[in-house]
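Below is one structure, written out as structure tokens; the observations come after it.
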Amino acid sequence: MTTLVTGATGNIGRRVVAGLVGAGQRVRAMSRDPRAAAARLPAGVEVVHGDFDRPETWPAALGGVERVYLFPFVDPAPAAGPGFVGTAVEAGVRRFVVHSAAAAALDHQGDPGDAALPPLRRHLADEREGHRDVERAVEDSGAEWTHVRPALLAAGALDWSDRIRATRAVRAPYPGAGNALVHEADVAEVAVAALLTDDHLGAAHTVTGPAKVTQADQVRAIGRAVGADVGLVELTPEQARKEWHDPELGMDHDTLDWLLAVLEASVEGEGLLPPNDTFERITGRPPRTFEQWARDHAGDFR
Ligand SMILES: NC(=O)c1ccc[n+]([C@@H]2O[C@H](COP(=O)([O-])OP(=O)(O)OC[C@H]3O[C@@H](n4cnc5c(N)ncnc54)[C@H](OP(=O)(O)O)[C@@H]3O)[C@@H](O)[C@H]2O)c1
């Protein structure tokens, strides 16, 4: 049985590939740049060219595949053909495990793209509907499915890596903002369990880290992991808005509006999404901490 892993070079996908290979499975990894991907993936993994934006690449990636780990993609022409999911089913795929997001489980926040919504609700509406589109395509496909919905990823801290390497400091507003950040290895473990066993069919698993970890906690943990003093310079939201504004990097005013709103909403209590026991229920072990994540990624910050 061959499993196709899409998003195979990503934070979570790389771990899914490794988990499947470790379980003795035949794995095909899809990438837009198979040569670069092959250099980053375990030996023995078949790497194929595939691009969600280019339907002509799909049949070759999907031929002979029975199970798919499905990265959240946007169908380039939803009305015009079977889409990636339909093409996969036509090719013989019988099970999808969807890389989704906790936002998919939120109540309706309003319609995506509705400029009248406040920034946080607009962002959550966009996230919810984008991920639900992929989930719905799989639910409607007739194949078996499981949705794996990560909370905010600890890997978001990698955005600080250049600055920490260069200056040993992070500049950010709301040092007390935090959420129960989830280690990509935990998300991948749940995904691998759903690919390999029948225990998760028709389930939607929101996977969180063990506890809220504030931005100040994250910076301290990264400092400990690299064995250096890493500081957090607190900015006002307005200073952050000026420093971070960079439309070429996608940091336009709309993005900054919701980013700052997410941080502001994550100061009180347990943050935007309280920790849950999904990972422990599925694996029998507590989720990995942010300390562990920082140790696993120390090389990214040195
Ligand atoms: N940020 C969060 O806190 C959070 C929380 C919950 C869920 N999520 C979801 O998780 C995703 C990020 O996951 P991650 O960190 O594991 O990924 P990542 O490290 O950002 O990697 C992105 C992956 O997507 C692949 N990809 C991008 N465009 C593609 C295309 N057109 N066709 C085929 N493959 C394409 C890339 O493959 P190649 O470059 O090799 O082609 C790469 O493997 C987000 O997009 C979001 O939807 C994020």
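Identifiers in this document derive from the order of the structure tokens: chains are assigned A, B, ..., residues are numbered from 1 separately in each chain, and ligands are numbered from 1 in order of occurrence.
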
Considering only C-alpha atoms and all ligand atoms, give me a table of residues in chain A that are at most 9 Å from ligand 1, with the closest atom pair and distance in Å for each, as a tab-separated table.
residue	atom	partner	partner_atom_place_in_ligand_line	distance
A:Thr6	CA	ligand 1	34 (N)	6.2
A:Gly7	CA	ligand 1	43 (O)	3.3
A:Ala8	CA	ligand 1	43 (O)	4.6
A:Thr9	CA	ligand 1	43 (O)	3.7
A:Gly10	CA	ligand 1	19 (O)	3.2
A:Asn11	CA	ligand 1	16 (O)	3.8
A:Ile12	CA	ligand 1	16 (O)	3.8
A:Gly13	CA	ligand 1	16 (O)	5.5
A:Arg14	CA	ligand 1	16 (O)	7.7
A:Arg15	CA	ligand 1	16 (O)	8.8
A:Ala29	CA	ligand 1	40 (O)	8.8
A:Met30	CA	ligand 1	34 (N)	6.9
A:Ser31	CA	ligand 1	41 (O)	3.8
A:Arg32	CA	ligand 1	41 (O)	3.6
A:Asp33	CA	ligand 1	40 (O)	5.5
A:Pro34	CA	ligand 1	40 (O)	7.0
A:Ala36	CA	ligand 1	40 (O)	7.7
A:Ala37	CA	ligand 1	40 (O)	5.9
A:His49	CA	ligand 1	41 (O)	8.2
A:Gly50	CA	ligand 1	33 (C)	5.9
A:Asp51	CA	ligand 1	32 (N)	3.5
A:Phe52	CA	ligand 1	32 (N)	3.9
A:Asp53	CA	ligand 1	31 (N)	5.0
A:Arg54	CA	ligand 1	31 (N)	7.7
A:Phe71	CA	ligand 1	24 (O)	6.6
A:Pro72	CA	ligand 1	47 (O)	5.4
A:Phe73	CA	ligand 1	30 (C)	7.0
A:Val74	CA	ligand 1	31 (N)	8.3
A:His99	CA	ligand 1	10 (O)	6.7
A:Ser100	CA	ligand 1	7 (C)	5.7
A:Ala101	CA	ligand 1	7 (C)	3.9
A:Ala102	CA	ligand 1	6 (C)	6.0
A:Ala103	CA	ligand 1	6 (C)	7.5
A:Glu127	CA	ligand 1	47 (O)	7.8
A:Gly130	CA	ligand 1	47 (O)	8.3
A:His131	CA	ligand 1	47 (O)	7.1
A:Arg149	CA	ligand 1	6 (C)	6.4
A:Pro150	CA	ligand 1	6 (C)	4.5
A:Ala151	CA	ligand 1	6 (C)	5.1
A:Leu152	CA	ligand 1	3 (O)	3.4
A:Leu153	CA	ligand 1	3 (O)	3.8
A:Ala154	CA	ligand 1	3 (O)	7.0
A:Ala155	CA	ligand 1	15 (O)	6.7
A:Gly156	CA	ligand 1	1 (N)	5.8
A:Leu181	CA	ligand 1	3 (O)	7.8
A:Val182	CA	ligand 1	3 (O)	8.3
A:Glu184	CA	ligand 1	16 (O)	7.2

Please report, as a CSV table (one decimal) with N, CA and C atoms, in the first residue's frame, each residue of stretch 188-218 of chain A to which DSSP assigns strand (DSSP E) when run on this structure's backbone.
chain,number,residue,atom,x,y,z
A,204,ALA,N,-12.7,14.1,13.9
A,204,ALA,CA,-12.0,15.4,13.7
A,204,ALA,C,-11.3,15.7,15.0
A,205,HIS,N,-10.0,15.6,15.0
A,205,HIS,CA,-9.2,15.8,16.2
A,205,HIS,C,-8.5,17.1,16.3
A,206,THR,N,-8.9,17.9,17.2
A,206,THR,CA,-8.2,19.2,17.5
A,206,THR,C,-7.0,18.9,18.4
A,207,VAL,N,-5.8,19.1,18.0
A,207,VAL,CA,-4.6,18.7,18.7
A,207,VAL,C,-3.9,20.0,19.3
A,213,VAL,N,1.6,28.9,26.5
A,213,VAL,CA,3.0,29.4,26.6
A,213,VAL,C,3.1,30.8,26.0
A,214,THR,N,3.4,31.8,26.8
A,214,THR,CA,3.4,33.2,26.4
A,214,THR,C,4.6,33.4,25.5

| field | Residue neighbourhood A:Asp75, 10 Å, only C-alpha atoms, exclusion window fewer than 2 positions, as a ChimeraX atom specification | value | /A:52-55,72-73,77-85,133-134

| Counting only C-alpha atoms, what is within 12 Å of A:Gln109, bar same-chain residues fewer than 6 positions away, as a VMD selection string? | chain A and resid 103 117 to 129

So that I have them on file, write out the residues from the current selection with C-alpha atoms, as a PDB file, in the first residue's frame.
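Wrote it out as result12.pdb, contents follow:
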ATOM      1  CA  ALA A 103     -10.221  27.064  13.338  1.00  0.00           C
ATOM      2  CA  LEU A 117     -16.201  42.109  10.341  1.00  0.00           C
ATOM      3  CA  PRO A 118     -13.663  43.116  12.993  1.00  0.00           C
ATOM      4  CA  PRO A 119     -10.153  41.849  12.058  1.00  0.00           C
ATOM      5  CA  LEU A 120     -10.038  38.883  14.445  1.00  0.00           C
ATOM      6  CA  ARG A 121     -13.446  37.556  13.417  1.00  0.00           C
ATOM      7  CA  ARG A 122     -12.645  38.116   9.743  1.00  0.00           C
ATOM      8  CA  HIS A 123      -9.413  36.151  10.090  1.00  0.00           C
ATOM      9  CA  LEU A 124     -11.103  33.301  11.954  1.00  0.00           C
ATOM     10  CA  ALA A 125     -13.915  33.221   9.383  1.00  0.00           C
ATOM     11  CA  ASP A 126     -11.343  32.992   6.555  1.00  0.00           C
ATOM     12  CA  GLU A 127      -9.403  30.259   8.354  1.00  0.00           C
ATOM     13  CA  ARG A 128     -12.520  28.301   9.259  1.00  0.00           C
ATOM     14  CA  GLU A 129     -14.015  28.343   5.782  1.00  0.00           C
TER      15      GLU A 129
END

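Each of A:Asp199, A:Asp107, A:Leu62, A:Tyr69 was compared to A:Ala91 using only C-alpha atoms, and A:Leu62 turns out to be the nearest.
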
| query | Could you work out how far atom CA of A:Thr146 lies from atom CA of A:Leu70, giving the answer in Å with one decimal? | reply |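 Value for the atom CA of A:Leu70-atom CA of A:Thr146 distance: 10.3 Å.
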
| request: Report the residues of stretch 243-285 of chain A whose backbone DSSP state falls under helix (DSSP H, G or I), written as a PyMOL selection string. | output: chain A and resi 243-244+247-249+253-264+278-283

| field | Within 8 Å of stretch 164-176 of chain A using only C-alpha atoms, minus same-chain residues under 6 positions, as JSON, numbers by chain | value | {"A": [214, 215, 216, 219, 228, 229, 230, 231, 232, 233, 234, 235, 236, 237, 240, 263, 264, 266, 267, 301, 302]}

| Distance atom CA of A:Glu46-atom CA of A:Arg28, one decimal place? | 4.7 Å

| request: Select, from A:Leu4, A:Ala188, A:Ala23, A:Leu249, the residue with the minimum atom-to-atom distance to A:Asp159, counting only C-alpha atoms. | output: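 Selected residue with least distance to A:Asp159: A:Leu249.
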
| message | Just to confirm, what's the straight-line distance from atom CA of A:Gly24 to atom CA of A:Ala185 in Å (one decimal)? | response |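 Taking atom CA of A:Gly24 as the start and atom CA of A:Ala185 as the end point, the length is 18.0 Å.
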
| note | From the list A:Leu106, A:Val89, A:Ala265, A:Ala39, the nearest residue to A:Asp140 using only C-alpha atoms is A:Val89

| When distances are computed from only C-alpha atoms, which of A:Leu201, A:Val226, A:Met1, A:Val190 shows the smallest separation from A:Pro287? | A:Val190

| message | Neighbouring residues of A:Arg94 were defined as those with any atom within 9 Å, considering only C-alpha atoms; residues of the same chain fewer than 2 positions away were excluded. Please report them as a list in words. | response |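 Everything that qualifies: Val65, Glu66, Arg67, Val68, Ala88, Val89, Gly92, Phe96, Gly142, Ala143, Glu144 and Trp145 of chain A.
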
| query | Which residue, A:Asn276, A:Gln292, A:Asn179, A:Thr283, has the smallest gap to A:Val192 when you use only C-alpha atoms? | reply |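 Between A:Asn276, A:Gln292, A:Asn179, A:Thr283, the residue approaching A:Val192 most closely is A:Thr283.
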